[in-house]
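Asker: Structure file query24.csv, CSV, C-alpha atoms, is pasted below:
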chain,number,residue,atom,x,y,z
A,1,MET,CA,154.5,123.8,92.3
A,2,ILE,CA,155.7,123.5,95.9
A,3,LYS,CA,155.2,126.5,98.2
A,4,ILE,CA,157.7,127.2,101.0
A,5,LYS,CA,158.6,130.4,102.8
A,6,GLY,CA,160.8,131.7,105.6
A,7,PHE,CA,159.5,132.3,109.1
A,8,LYS,CA,160.4,134.2,112.2
A,9,GLY,CA,161.9,131.3,114.0
A,10,VAL,CA,162.0,131.1,117.8
A,11,ARG,CA,165.3,129.6,118.7
A,12,PRO,CA,167.8,129.3,121.6
A,13,LYS,CA,170.2,131.9,122.7
A,14,LYS,CA,173.5,131.0,121.2
A,15,ASP,CA,175.1,129.8,124.4
A,16,LEU,CA,172.0,127.7,125.3
A,17,ALA,CA,171.5,125.8,122.0
A,18,GLU,CA,173.2,122.6,123.2
A,19,LYS,CA,171.3,122.6,126.5
A,20,ILE,CA,167.9,123.3,124.9
A,21,ALA,CA,168.0,121.0,121.9
A,22,SER,CA,166.4,117.7,122.7
A,23,HIS,CA,165.5,114.3,121.2
A,24,PRO,CA,162.1,114.4,119.4
A,25,TYR,CA,159.0,113.5,121.5
A,26,ASP,CA,158.4,110.1,119.8
A,27,VAL,CA,161.8,108.4,120.3
A,28,LEU,CA,161.8,108.4,124.2
A,29,ASN,CA,159.3,107.2,126.7
A,30,SER,CA,158.5,109.4,129.7
A,31,ARG,CA,160.9,107.7,132.0
A,32,GLU,CA,163.8,108.1,129.6
A,33,ALA,CA,162.9,111.8,129.0
A,34,LYS,CA,162.7,112.5,132.7
A,35,ASN,CA,166.1,111.1,133.3
A,36,LEU,CA,167.6,113.0,130.3
A,37,ALA,CA,166.1,116.3,131.4
A,38,LYS,CA,167.0,115.9,135.1
A,39,GLY,CA,169.0,118.9,136.3
A,40,ASN,CA,168.5,120.7,133.0
A,41,PRO,CA,165.7,123.3,133.2
A,42,TYR,CA,166.6,124.4,129.6
A,43,SER,CA,165.9,121.0,128.0
A,44,PHE,CA,163.1,121.2,125.3
A,45,LEU,CA,161.9,117.9,126.7
A,46,HIS,CA,160.0,120.1,129.1
A,47,VAL,CA,157.9,121.2,126.1
A,48,VAL,CA,157.7,118.1,123.9
A,49,LYS,CA,157.5,115.6,126.8
A,50,SER,CA,155.9,118.0,129.4
A,51,GLU,CA,154.4,115.1,131.4
A,52,ILE,CA,157.9,114.8,133.0
A,53,ASP,CA,157.1,117.9,135.1
A,54,LEU,CA,153.8,116.4,136.4
A,55,PRO,CA,153.1,113.5,138.8
A,56,ASP,CA,154.1,110.1,137.4
A,57,ASP,CA,150.5,108.8,137.3
A,58,THR,CA,149.3,111.7,135.0
A,59,ASP,CA,147.4,110.7,131.9
A,60,HIS,CA,149.8,111.6,129.1
A,61,TYR,CA,146.8,112.8,127.0
A,62,SER,CA,145.2,114.9,129.7
A,63,GLU,CA,144.7,118.6,129.3
A,64,SER,CA,147.2,119.3,132.1
A,65,VAL,CA,150.0,117.9,129.9
A,66,TYR,CA,149.3,120.2,127.0
A,67,GLN,CA,148.8,123.2,129.3
A,68,LYS,CA,152.2,122.4,130.9
A,69,ALA,CA,153.8,122.3,127.5
A,70,SER,CA,152.4,125.7,126.7
A,71,ASP,CA,153.5,127.1,130.1
A,72,ASN,CA,157.0,125.8,129.6
A,73,LEU,CA,157.4,127.2,126.1
A,74,LYS,CA,156.2,130.6,127.3
A,75,LYS,CA,158.6,130.4,130.2
A,76,MET,CA,161.5,129.7,127.9
A,77,ILE,CA,160.6,132.7,125.8
A,78,ASN,CA,159.8,135.0,128.7
A,79,GLU,CA,163.1,134.1,130.5
A,80,GLY,CA,165.0,135.0,127.3
A,81,TRP,CA,166.3,131.4,126.9
A,82,MET,CA,164.7,131.4,123.4
A,83,ILE,CA,164.5,134.5,121.1
A,84,GLN,CA,162.5,135.2,118.0
A,85,ASP,CA,164.0,136.4,114.7
A,86,LYS,CA,162.6,139.7,113.5
A,87,GLN,CA,162.5,138.8,109.8
A,88,ASP,CA,161.1,135.8,107.9
A,89,THR,CA,164.2,133.6,107.6
A,90,ILE,CA,165.2,130.2,106.2
A,91,TYR,CA,167.8,128.1,108.0
A,92,VAL,CA,170.3,125.4,106.9
A,93,TYR,CA,170.5,122.5,109.3
A,94,ARG,CA,173.4,120.1,109.0
A,95,GLN,CA,173.8,116.7,110.8
A,96,ILE,CA,176.9,114.6,110.9
A,97,MET,CA,176.6,111.0,112.2
A,98,ASN,CA,179.5,108.5,111.9
A,99,GLY,CA,180.9,110.5,109.0
A,100,HIS,CA,177.6,110.8,107.2
A,101,GLU,CA,176.5,114.4,106.4
A,102,GLN,CA,173.1,115.7,105.4
A,103,TYR,CA,172.0,119.3,104.8
A,104,GLY,CA,168.4,120.3,105.3
A,105,LEU,CA,166.5,123.6,104.8
A,106,VAL,CA,164.3,124.6,107.7
A,107,VAL,CA,161.3,126.3,106.2
A,108,ASP,CA,157.6,126.8,106.4
A,109,SER,CA,155.8,124.3,104.2
A,110,SER,CA,152.2,124.9,103.0
A,111,VAL,CA,149.2,123.3,104.7
A,112,GLN,CA,147.4,123.6,101.4
A,113,ASP,CA,150.2,121.6,99.6
A,114,TYR,CA,149.6,118.9,102.2
A,115,ILE,CA,145.8,118.9,101.7
A,116,ASP,CA,146.3,118.9,97.9
A,117,GLY,CA,148.6,115.9,98.0
A,118,LYS,CA,151.6,117.8,96.8
A,119,ILE,CA,153.3,116.8,100.1
A,120,ARG,CA,153.1,113.0,99.6
A,121,ILE,CA,152.7,110.5,102.3
A,122,HIS,CA,153.5,106.8,102.6
A,123,GLU,CA,152.1,105.9,106.1
A,124,LEU,CA,148.7,105.7,107.7
A,125,THR,CA,148.2,107.8,110.9
A,126,ARG,CA,146.4,106.7,114.1
A,127,GLU,CA,143.6,108.8,115.4
A,128,VAL,CA,144.8,108.8,119.0
A,129,LYS,CA,148.2,110.1,118.0
A,130,GLU,CA,146.7,112.6,115.6
A,131,GLN,CA,144.6,114.1,118.4
A,132,ASP,CA,147.6,114.2,120.7
A,133,ARG,CA,149.6,116.3,118.2
A,134,ILE,CA,146.5,118.5,117.5
A,135,ASN,CA,146.2,119.2,121.2
A,136,HIS,CA,149.9,120.0,121.5
A,137,VAL,CA,149.8,122.4,118.6
A,138,LYS,CA,146.6,124.1,119.8
A,139,TYR,CA,147.7,124.6,123.4
A,140,THR,CA,151.3,125.8,122.5
A,141,ASN,CA,150.0,127.7,119.4
A,142,ALA,CA,153.2,126.5,117.8
A,143,ASN,CA,154.9,123.7,115.8
A,144,THR,CA,157.5,122.6,118.3
A,145,GLY,CA,158.9,119.7,116.3
A,146,PRO,CA,159.7,119.8,112.5
A,147,VAL,CA,158.3,117.4,109.9
A,148,PHE,CA,161.1,115.6,108.1
A,149,LEU,CA,160.5,116.0,104.3
A,150,THR,CA,162.6,115.0,101.3
A,151,TYR,CA,162.7,116.0,97.7
A,152,PRO,CA,164.5,114.9,94.5
A,153,ALA,CA,167.9,116.4,94.7
A,154,LYS,CA,168.5,119.5,92.5
A,155,GLU,CA,172.0,120.8,91.7
A,156,GLU,CA,170.9,124.5,91.9
A,157,ILE,CA,169.7,124.0,95.5
A,158,ASP,CA,172.8,122.0,96.4
A,159,ASN,CA,175.0,124.8,95.0
A,160,LEU,CA,173.2,127.5,96.9
A,161,VAL,CA,173.3,125.6,100.2
A,162,ALA,CA,177.0,125.0,99.7
A,163,LYS,CA,177.5,128.8,99.2
A,164,ILE,CA,175.5,129.6,102.3
A,165,VAL,CA,177.4,127.3,104.6
A,166,LYS,CA,180.8,128.9,103.8
A,167,VAL,CA,180.1,131.5,106.6
A,168,ALA,CA,180.3,130.8,110.3
A,169,PRO,CA,177.2,128.9,111.7
A,170,GLU,CA,174.9,130.2,114.4
A,171,TYR,CA,175.1,126.9,116.4
A,172,ASP,CA,177.5,124.0,116.2
A,173,PHE,CA,177.6,121.3,118.9
A,174,THR,CA,177.9,117.6,119.3
A,175,ALA,CA,175.1,116.0,121.3
A,176,ASP,CA,175.5,113.3,124.0
A,177,ASP,CA,174.7,110.6,121.4
A,178,GLY,CA,177.7,111.7,119.2
A,179,ILE,CA,175.7,113.4,116.5
A,180,GLN,CA,176.9,116.9,115.4
A,181,HIS,CA,174.2,119.5,114.8
A,182,THR,CA,175.0,122.8,113.0
A,183,LEU,CA,172.6,125.6,112.1
A,184,TRP,CA,173.1,128.5,109.7
A,185,VAL,CA,170.8,131.5,109.5
A,186,VAL,CA,170.2,132.5,105.9
A,187,SER,CA,170.3,136.3,106.2
A,188,LYS,CA,170.4,137.4,102.6
A,189,LYS,CA,166.9,138.0,101.1
A,190,ALA,CA,168.2,137.2,97.6
A,191,ASP,CA,169.2,133.7,98.8
A,192,ILE,CA,165.8,133.2,100.5
A,193,ASP,CA,164.0,134.3,97.3
A,194,LYS,CA,166.1,131.9,95.2
A,195,LEU,CA,165.3,129.0,97.4
A,196,ILE,CA,161.6,129.7,97.3
A,197,GLU,CA,161.9,130.0,93.5
A,198,TYR,CA,163.8,126.7,93.2
A,199,PHE,CA,161.2,124.8,95.2
A,200,SER,CA,158.4,126.3,93.2
A,201,LYS,CA,159.7,124.3,90.3
A,202,LEU,CA,159.2,121.0,92.1
A,203,GLU,CA,156.1,118.9,91.5
A,204,CYS,CA,156.0,117.5,95.1
A,205,THR,CA,157.9,116.7,98.3
A,206,TYR,CA,157.6,113.6,100.5
A,207,VAL,CA,157.1,113.0,104.2
A,208,ALA,CA,160.0,110.9,105.3
A,209,ASP,CA,159.3,111.0,109.0
A,210,GLY,CA,156.5,112.9,110.9
A,211,HIS,CA,153.2,111.8,109.4
A,212,HIS,CA,151.3,112.6,112.6
A,213,ARG,CA,153.0,116.0,112.9
A,214,SER,CA,152.2,117.0,109.3
A,215,LYS,CA,148.6,115.8,109.4
A,216,SER,CA,147.9,117.5,112.8
A,217,ALA,CA,149.5,120.7,111.6
A,218,ALA,CA,147.2,120.6,108.5
A,219,MET,CA,144.1,119.9,110.7
A,220,VAL,CA,144.9,122.7,113.1
A,221,GLY,CA,145.4,125.0,110.1
A,222,GLU,CA,142.0,124.1,108.8
A,223,MET,CA,140.4,124.6,112.2
A,224,LYS,CA,141.9,128.0,112.6
A,225,LYS,CA,140.8,128.9,109.1
A,226,GLN,CA,137.2,128.0,109.8
A,227,GLU,CA,137.3,129.9,113.1
A,228,ASN,CA,138.7,133.1,111.5
A,229,PRO,CA,136.0,135.2,109.7
A,230,ASN,CA,138.8,137.5,108.4
A,231,HIS,CA,140.9,134.7,107.0
A,232,THR,CA,143.2,135.9,104.2
A,233,GLY,CA,145.6,132.9,103.6
A,234,ASP,CA,148.6,134.8,104.8
A,235,GLU,CA,148.3,133.7,108.5
A,236,GLU,CA,151.0,131.6,110.0
A,237,TYR,CA,148.6,128.8,110.7
A,238,ASN,CA,148.6,128.2,106.9
A,239,TRP,CA,152.1,126.9,107.2
A,240,PHE,CA,154.0,124.3,109.3
A,241,LEU,CA,157.6,123.7,110.4
A,242,SER,CA,159.6,121.4,108.2
A,243,VAL,CA,163.1,120.4,107.3
A,244,LEU,CA,163.7,119.6,103.6
A,245,PHE,CA,166.5,117.2,102.8
A,246,PRO,CA,167.6,116.1,99.2
A,247,ASP,CA,166.9,112.4,98.7
A,248,ASN,CA,170.5,111.5,97.8
A,249,GLN,CA,171.7,112.5,101.3
A,250,LEU,CA,169.3,110.5,103.4
A,251,LYS,CA,170.2,107.4,105.3
A,252,ILE,CA,167.4,104.8,106.0
A,253,LEU,CA,168.2,102.0,108.4
A,254,ASP,CA,166.5,98.7,108.8
A,255,TYR,CA,163.4,98.5,111.0
A,256,ASN,CA,163.4,95.1,112.6
A,257,ARG,CA,160.8,92.8,114.3
A,258,VAL,CA,160.6,90.7,117.4
A,259,VAL,CA,157.7,88.4,118.3
A,260,LYS,CA,156.8,87.1,121.8
A,261,ASP,CA,156.0,83.5,120.9
A,262,LEU,CA,156.0,80.9,118.1
A,263,ASN,CA,152.2,80.7,117.8
A,264,GLY,CA,152.1,77.3,119.4
A,265,PHE,CA,154.7,75.6,117.1
A,266,SER,CA,157.8,73.9,118.3
A,267,LYS,CA,161.1,75.1,116.9
A,268,ASP,CA,161.3,72.2,114.4
A,269,GLU,CA,157.7,72.7,113.3
A,270,LEU,CA,158.3,76.4,112.7
A,271,LEU,CA,161.5,75.8,110.7
A,272,GLU,CA,159.7,73.3,108.5
A,273,LYS,CA,156.9,75.8,107.8
A,274,ILE,CA,159.3,78.6,107.1
A,275,SER,CA,161.3,76.4,104.7
A,276,LYS,CA,158.3,76.2,102.4
A,277,LYS,CA,158.5,79.9,101.6
A,278,PHE,CA,162.1,80.7,102.3
A,279,ASP,CA,165.5,79.0,101.7
A,280,LEU,CA,166.8,78.5,105.2
A,281,ILE,CA,170.5,78.8,105.9
A,282,GLN,CA,172.1,78.4,109.4
A,283,VAL,CA,174.9,80.9,110.0
A,284,CYS,CA,177.4,81.3,112.7
A,285,CYS,CA,176.7,84.7,114.2
A,286,GLN,CA,175.1,88.1,113.8
A,287,ASP,CA,178.0,89.3,111.6
A,288,THR,CA,176.9,86.9,108.9
A,289,ALA,CA,173.2,87.2,109.6
A,290,LYS,CA,172.7,90.9,108.7
A,291,PRO,CA,171.0,91.0,105.3
A,292,ASP,CA,173.2,92.6,102.6
A,293,GLU,CA,170.7,92.6,99.8
A,294,PRO,CA,166.9,92.7,99.2
A,295,LEU,CA,164.8,89.5,99.7
A,296,HIS,CA,167.2,88.3,102.4
A,297,PHE,CA,166.2,88.2,106.1
A,298,GLY,CA,168.1,87.5,109.3
A,299,MET,CA,166.3,85.3,111.9
A,300,TYR,CA,167.3,84.7,115.5
A,301,LEU,CA,165.8,81.7,117.3
A,302,ASP,CA,167.0,79.7,120.3
A,303,HIS,CA,170.5,81.3,120.3
A,304,GLN,CA,171.0,80.6,116.6
A,305,TRP,CA,171.1,82.9,113.6
A,306,TYR,CA,169.7,82.0,110.2
A,307,ILE,CA,169.5,83.7,106.8
A,308,LEU,CA,166.1,83.4,105.0
A,309,ARG,CA,166.0,83.9,101.2
A,310,ALA,CA,162.5,84.5,99.7
A,311,LYS,CA,161.6,81.9,97.2
A,312,ASP,CA,160.3,82.8,93.7
A,313,GLY,CA,156.6,83.2,93.4
A,314,ILE,CA,155.7,84.1,96.9
A,315,PHE,CA,155.1,87.8,96.1
A,316,ASP,CA,154.0,90.1,93.2
A,317,LYS,CA,157.2,91.6,91.8
A,318,ASN,CA,155.2,94.3,89.9
A,319,ASP,CA,153.4,95.6,93.0
A,320,PRO,CA,155.6,98.3,94.8
A,321,VAL,CA,154.1,97.5,98.2
A,322,GLU,CA,153.9,93.7,98.0
A,323,SER,CA,157.5,93.5,96.7
A,324,LEU,CA,158.8,95.4,99.8
A,325,ASP,CA,160.9,93.1,102.0
A,326,ILE,CA,158.7,94.0,105.0
A,327,SER,CA,155.6,93.0,103.0
A,328,ILE,CA,157.2,89.7,102.0
A,329,LEU,CA,158.0,88.9,105.6
A,330,GLN,CA,154.7,90.1,106.9
A,331,ASN,CA,152.5,88.2,104.4
A,332,ASN,CA,154.5,84.9,104.2
A,333,LEU,CA,155.8,84.5,107.7
A,334,LEU,CA,154.6,86.9,110.4
A,335,SER,CA,150.9,86.7,109.4
A,336,GLU,CA,150.7,83.3,107.7
A,337,ILE,CA,152.8,81.3,110.2
A,338,LEU,CA,153.1,83.4,113.4
A,339,GLY,CA,149.5,84.7,113.3
A,340,ILE,CA,150.4,88.4,113.4
A,341,GLY,CA,147.4,89.7,111.4
A,342,ASP,CA,147.7,93.5,112.0
A,343,PRO,CA,151.1,94.6,113.3
A,344,ARG,CA,149.6,98.0,114.3
A,345,LYS,CA,147.3,96.3,116.9
A,346,ASP,CA,148.9,93.0,117.8
A,347,ASN,CA,150.8,93.2,121.1
A,348,ARG,CA,152.7,90.0,120.4
A,349,ILE,CA,155.0,92.0,118.0
A,350,ASP,CA,157.4,94.8,118.6
A,351,PHE,CA,159.7,96.9,116.4
A,352,VAL,CA,163.4,97.6,116.9
A,353,GLY,CA,165.2,100.4,115.0
A,354,GLY,CA,168.3,99.4,113.1
A,355,ILE,CA,170.3,101.9,115.2
A,356,ARG,CA,170.3,99.2,117.9
A,357,GLY,CA,172.0,96.7,115.7
A,358,LEU,CA,171.5,92.9,115.6
A,359,SER,CA,172.8,92.7,119.1
A,360,GLY,CA,169.7,94.6,120.2
A,361,LEU,CA,167.6,91.8,118.7
A,362,GLU,CA,169.7,89.1,120.4
A,363,ARG,CA,169.1,90.9,123.8
A,364,ARG,CA,165.4,91.0,123.3
A,365,VAL,CA,165.2,87.2,122.6
A,366,ASP,CA,167.9,86.0,125.1
A,367,SER,CA,166.2,87.9,127.9
A,368,GLY,CA,163.2,85.7,127.5
A,369,GLY,CA,160.8,88.6,126.7
A,370,MET,CA,160.7,87.6,123.0
A,371,ALA,CA,160.9,84.2,121.3
A,372,ILE,CA,162.1,85.2,117.8
A,373,ALA,CA,163.6,88.1,115.9
A,374,PHE,CA,163.9,89.2,112.3
A,375,ALA,CA,166.4,91.5,110.7
A,376,LEU,CA,165.5,93.2,107.4
A,377,TYR,CA,167.3,94.9,104.6
A,378,PRO,CA,166.5,98.6,104.7
A,379,THR,CA,163.7,100.1,102.5
A,380,SER,CA,165.2,102.5,99.9
A,381,ILE,CA,164.3,106.1,99.4
A,382,ASN,CA,163.3,105.2,95.8
A,383,GLN,CA,160.9,102.6,97.1
A,384,LEU,CA,159.4,105.2,99.5
A,385,MET,CA,158.9,107.7,96.7
A,386,THR,CA,157.5,105.2,94.2
A,387,ILE,CA,154.9,104.1,96.7
A,388,ALA,CA,154.0,107.7,97.7
A,389,ASP,CA,153.7,108.6,94.0
A,390,ALA,CA,151.3,105.7,93.4
A,391,GLY,CA,149.2,106.9,96.3
A,392,LYS,CA,149.8,103.7,98.2
A,393,ILE,CA,150.7,103.0,101.8
A,394,MET,CA,153.7,101.1,103.2
A,395,PRO,CA,153.2,98.6,106.0
A,396,PRO,CA,153.7,100.2,109.5
A,397,LYS,CA,157.3,100.7,110.7
A,398,SER,CA,158.9,100.3,107.3
A,399,THR,CA,161.5,103.0,107.6
A,400,TRP,CA,163.9,104.2,110.3
A,401,PHE,CA,165.7,107.4,109.5
A,402,GLU,CA,168.9,108.4,111.2
A,403,PRO,CA,170.1,110.8,112.4
A,404,LYS,CA,166.9,112.1,114.1
A,405,LEU,CA,166.1,115.8,114.0
A,406,ARG,CA,166.6,117.7,117.3
A,407,SER,CA,163.6,119.5,118.8
A,408,GLY,CA,163.9,123.0,120.1
A,409,LEU,CA,166.5,124.4,117.7
A,410,LEU,CA,163.6,126.1,115.9
A,411,VAL,CA,160.0,126.7,116.8
A,412,HIS,CA,157.3,128.1,114.4
A,413,LEU,CA,154.6,130.2,116.1
A,414,LEU,CA,151.1,130.2,114.6
A,415,ASP,CA,150.5,133.9,115.0
Could the structure of this file be written out as structure tokens, please?

Answerer:
Amino acid sequence: MIKIKGFKGVRPKKDLAEKIASHPYDVLNSREAKNLAKGNPYSFLHVVKSEIDLPDDTDHYSESVYQKASDNLKKMINEGWMIQDKQDTIYVYRQIMNGHEQYGLVVDSSVQDYIDGKIRIHELTREVKEQDRINHVKYTNANTGPVFLTYPAKEEIDNLVAKIVKVAPEYDFTADDGIQHTLWVVSKKADIDKLIEYFSKLECTYVADGHHRSKSAAMVGEMKKQENPNHTGDEEYNWFLSVLFPDNQLKILDYNRVVKDLNGFSKDELLEKISKKFDLIQVCCQDTAKPDEPLHFGMYLDHQWYILRAKDGIFDKNDPVESLDISILQNNLLSEILGIGDPRKDNRIDFVGGIRGLSGLERRVDSGGMAIAFALYPTSINQLMTIADAGKIMPPKSTWFEPKLRSGLLVHLLD
């Protein structure tokens, strides 16, 4: 049984929504964030990337960064730029990107569900990033960015959402990246109660994106529980901000790899070694190099594209992790041939989201910064769920979801 509830969302005044809504904290570096927020005091980047308002040499994990985030959030509320709903509310959040639509429900998800494994994960978290998000939540006393969750699509939920969105939305704007963002406030208590009831029938939900945000929210909730001698279980810190999307609406893009060197091999030596594990086909250009089915990989080396096809017997078809395309590439080429043992720690490898296309891979190699690039076929949502259901973990950077959720459209206060 999955527990969700409405919450008193803190959100932009209607005429400021487009100016406030920002990219999430983890898709921009500080320089990019500073440039995007320049001249816009309303941008929520002042909260989620608050180092942009401090000297350039500021340690991004210093207390001053988290305190600045807290101060900036309070300013947005005190100035009336953001207002808080008076009643517990659920919201419908639609995104449209290149004709693709997805409808999510912005709700409070249960910390206890996360602890009990009813909110299932597929990725490991890093302690330094956990602590960063813990500090951000503690100082702001808020969830400032939603966790992206998914669930097996249910007709009754789809039908109710379709009814809700027939009325005029609260916000509707197209951001500078061309993605349209629309938000409806679910004002009828009967609709809210129905949604809570429908989700109570689900066995689990899944973290699609936001593993550090969900874990840090749960850890802060537990900390606050221990610190409160009058804890009842009804406090807001027992819940965290999330957006729930049905699995059949989600779009996962490829998450590609670039490597700085050939591990001491010449081009011909490398191709010979690769050909022992993969069928190697030279192709004319990036248009024919993009993998169009599993077990196929694009490779860019020395201004030339290739298609690699995994040979039989190089992986366990019955293991949901080992049979992932990224596992096949990692185990049989990146690790065994190029010497990338742990991609989480090795600075010879970098990751490129599929939103940048294969031309993004070409640029990284042709610039001289990287020696070789690999394009992958996207991981499927079914693979993600199967691995999470089995209690297993995907390799790092296995999924790239688009479109990204905007921060600042809704904030969940912890008291």

Asker: Neighbours of region 30-36 of chain A within 7 Å (only C-alpha atoms; same-chain residues fewer than 2 positions away dropped), as an MDAnalysis selection string?

Answerer: chainID A and resid 28 38 45 49 52

Asker: Output C-alpha atoms of each residue in that selection to a file, as a compact mmCIF listing (two decimals), in the coordinates of the input.

Answerer:
# COMPACT_ATOMS: atom_id res chain seq x y z
CA LEU A 28 161.80 108.40 124.20
CA LYS A 38 167.00 115.90 135.10
CA LEU A 45 161.90 117.90 126.70
CA LYS A 49 157.50 115.60 126.80
CA ILE A 52 157.90 114.80 133.00

Asker: Can you write out as a Markdown table which residues of region 229-291 of chain A fall within 12 Å of region 398-413 of chain A, alongside each residue's closest atom pair and its distance in Å to one decimal, counting only C-alpha atoms and ordering rows by chain and ascending residue number?

Answerer:
| residue | atom | partner | partner_atom | distance |
| --- | --- | --- | --- | --- |
| A:Glu235 | CA | A:Leu413 | CA | 10.5 |
| A:Glu236 | CA | A:Leu413 | CA | 7.2 |
| A:Tyr237 | CA | A:Leu413 | CA | 8.2 |
| A:Asn238 | CA | A:Leu413 | CA | 11.2 |
| A:Trp239 | CA | A:His412 | CA | 9.0 |
| A:Phe240 | CA | A:His412 | CA | 7.2 |
| A:Leu241 | CA | A:His412 | CA | 6.0 |
| A:Ser242 | CA | A:His412 | CA | 9.4 |
| A:Val243 | CA | A:Leu405 | CA | 8.7 |
| A:Leu244 | CA | A:Leu405 | CA | 11.3 |
| A:Phe245 | CA | A:Leu405 | CA | 11.3 |
| A:Asp247 | CA | A:Phe401 | CA | 12.0 |
| A:Gln249 | CA | A:Glu402 | CA | 11.1 |
| A:Leu250 | CA | A:Phe401 | CA | 7.7 |
| A:Lys251 | CA | A:Glu402 | CA | 6.1 |
| A:Ile252 | CA | A:Phe401 | CA | 4.7 |
| A:Leu253 | CA | A:Trp400 | CA | 5.2 |
| A:Asp254 | CA | A:Trp400 | CA | 6.3 |
| A:Tyr255 | CA | A:Trp400 | CA | 5.8 |
| A:Asn256 | CA | A:Ser398 | CA | 8.7 |
| A:Arg257 | CA | A:Ser398 | CA | 10.4 |

Asker: Can you work out which one of A:Asp234, A:Glu293, A:Asp176, A:Asp302 has the shortest atom-to-atom distance to Ser110 (chain A), counting all atoms listed in the file?

Answerer: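 Going through A:Asp234, A:Glu293, A:Asp176, A:Asp302 one by one, the smallest distance to Ser110 (chain A) is for A:Asp234.
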
Asker: Using only C-alpha atoms, which residue out of A:Lys311, A:Lys392, A:Lys14, A:Arg133 lies closest to Val48 (chain A)?

Answerer: A:Arg133

Asker: Of the candidates A:Cys204, A:Ala218, A:Met82, A:Ile164, which shows the shortest atom-to-atom distance to Leu16 (chain A), using only C-alpha atoms?

Answerer: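 Answer, going by the shortest atom-to-atom distance: A:Met82.
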
Asker: Closest to Lys188 (chain A) among A:Asp261, A:Asp158, A:Asp88, A:Asp350, using all atoms listed in the file?

Answerer: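 Answer, going by the shortest atom-to-atom distance: A:Asp88.
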
Asker: How many Å separate CA of Val111 (chain A) from CA of Phe7 (chain A)?

Answerer: 14.4 Å

Asker: May I have the residues at most 7 Å from (162.8, 97.4, 102.8) in the file's coordinates, counting all atoms listed in the file, as JSON, numbers by chain?

Answerer: {"A": [324, 325, 326, 376, 377, 378, 379, 380, 398]}

Asker: What does the structure give for the distance between CA of Gly339 (chain A) and CA of Gly264 (chain A), in Å to one decimal?

Answerer: 9.9 Å

Asker: Using only C-alpha atoms, which protein or nucleic acid residues come within 10 Å of region 385-387 of chain A? Drop anything in the same chain fewer than 2 positions from it, and give the result as a count of residues only.

Answerer: 25

Asker: Mind checking which residues fall within 12 Å of Ser323 (chain A), counting all atoms listed in the file, ignoring those fewer than 6 positions away in the same chain, and posting them as a PyMOL selection string?

Answerer: chain A and resi 294-295+310+312-317+329-332+379+383+386-387+394-395

Asker: What lies within 10 Å of Pro343 (chain A) using all atoms listed in the file, ignoring chain neighbours under 3 positions off, as a PDB file with C-alpha atoms, in the coordinates of the input?

Answerer:
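For reference, out27.pdb as written:
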ATOM      1  CA  ARG A 257     160.800  92.800 114.300  1.00  0.00           C
ATOM      2  CA  GLN A 330     154.700  90.100 106.900  1.00  0.00           C
ATOM      3  CA  LEU A 334     154.600  86.900 110.400  1.00  0.00           C
ATOM      4  CA  SER A 335     150.900  86.700 109.400  1.00  0.00           C
ATOM      5  CA  ILE A 340     150.400  88.400 113.400  1.00  0.00           C
ATOM      6  CA  ASP A 346     148.900  93.000 117.800  1.00  0.00           C
ATOM      7  CA  ASN A 347     150.800  93.200 121.100  1.00  0.00           C
ATOM      8  CA  ARG A 348     152.700  90.000 120.400  1.00  0.00           C
ATOM      9  CA  ILE A 349     155.000  92.000 118.000  1.00  0.00           C
ATOM     10  CA  ASP A 350     157.400  94.800 118.600  1.00  0.00           C
ATOM     11  CA  PHE A 351     159.700  96.900 116.400  1.00  0.00           C
ATOM     12  CA  PRO A 395     153.200  98.600 106.000  1.00  0.00           C
ATOM     13  CA  PRO A 396     153.700 100.200 109.500  1.00  0.00           C
ATOM     14  CA  LYS A 397     157.300 100.700 110.700  1.00  0.00           C
TER      15      LYS A 397
END

Asker: Restricting the calculation to only C-alpha atoms: of A:Lys225, A:Gln87, A:Ile157, A:Asn40, which residue gets closest to Lys201 (chain A)?

Answerer: A:Ile157

Asker: Hey, which of A:Ile337, A:Asp53, A:Gln102, A:Pro24 ends up closest to Leu271 (chain A)? Count all atoms listed in the file.

Answerer: A:Ile337

Asker: Have a look at CA of Lys19 (chain A) and CA of Asp177 (chain A) and let me know their distance in Å, one decimal.

Answerer: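 CA of Asp177 (chain A) lies 13.5 Å from CA of Lys19 (chain A).
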
Asker: Region 62-69 of chain A: which residues within 9 Å, counting only C-alpha atoms, same-chain residues fewer than 5 positions away excluded, as a list in words?

Answerer: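 Using only C-alpha atoms, the neighbours found are His46, Val47, Val48, Lys49, Ser50, Glu51, Asp53, Leu54, Lys74, Asp132, Asn135, His136, Val137, Lys138, Tyr139 and Thr140 of chain A.
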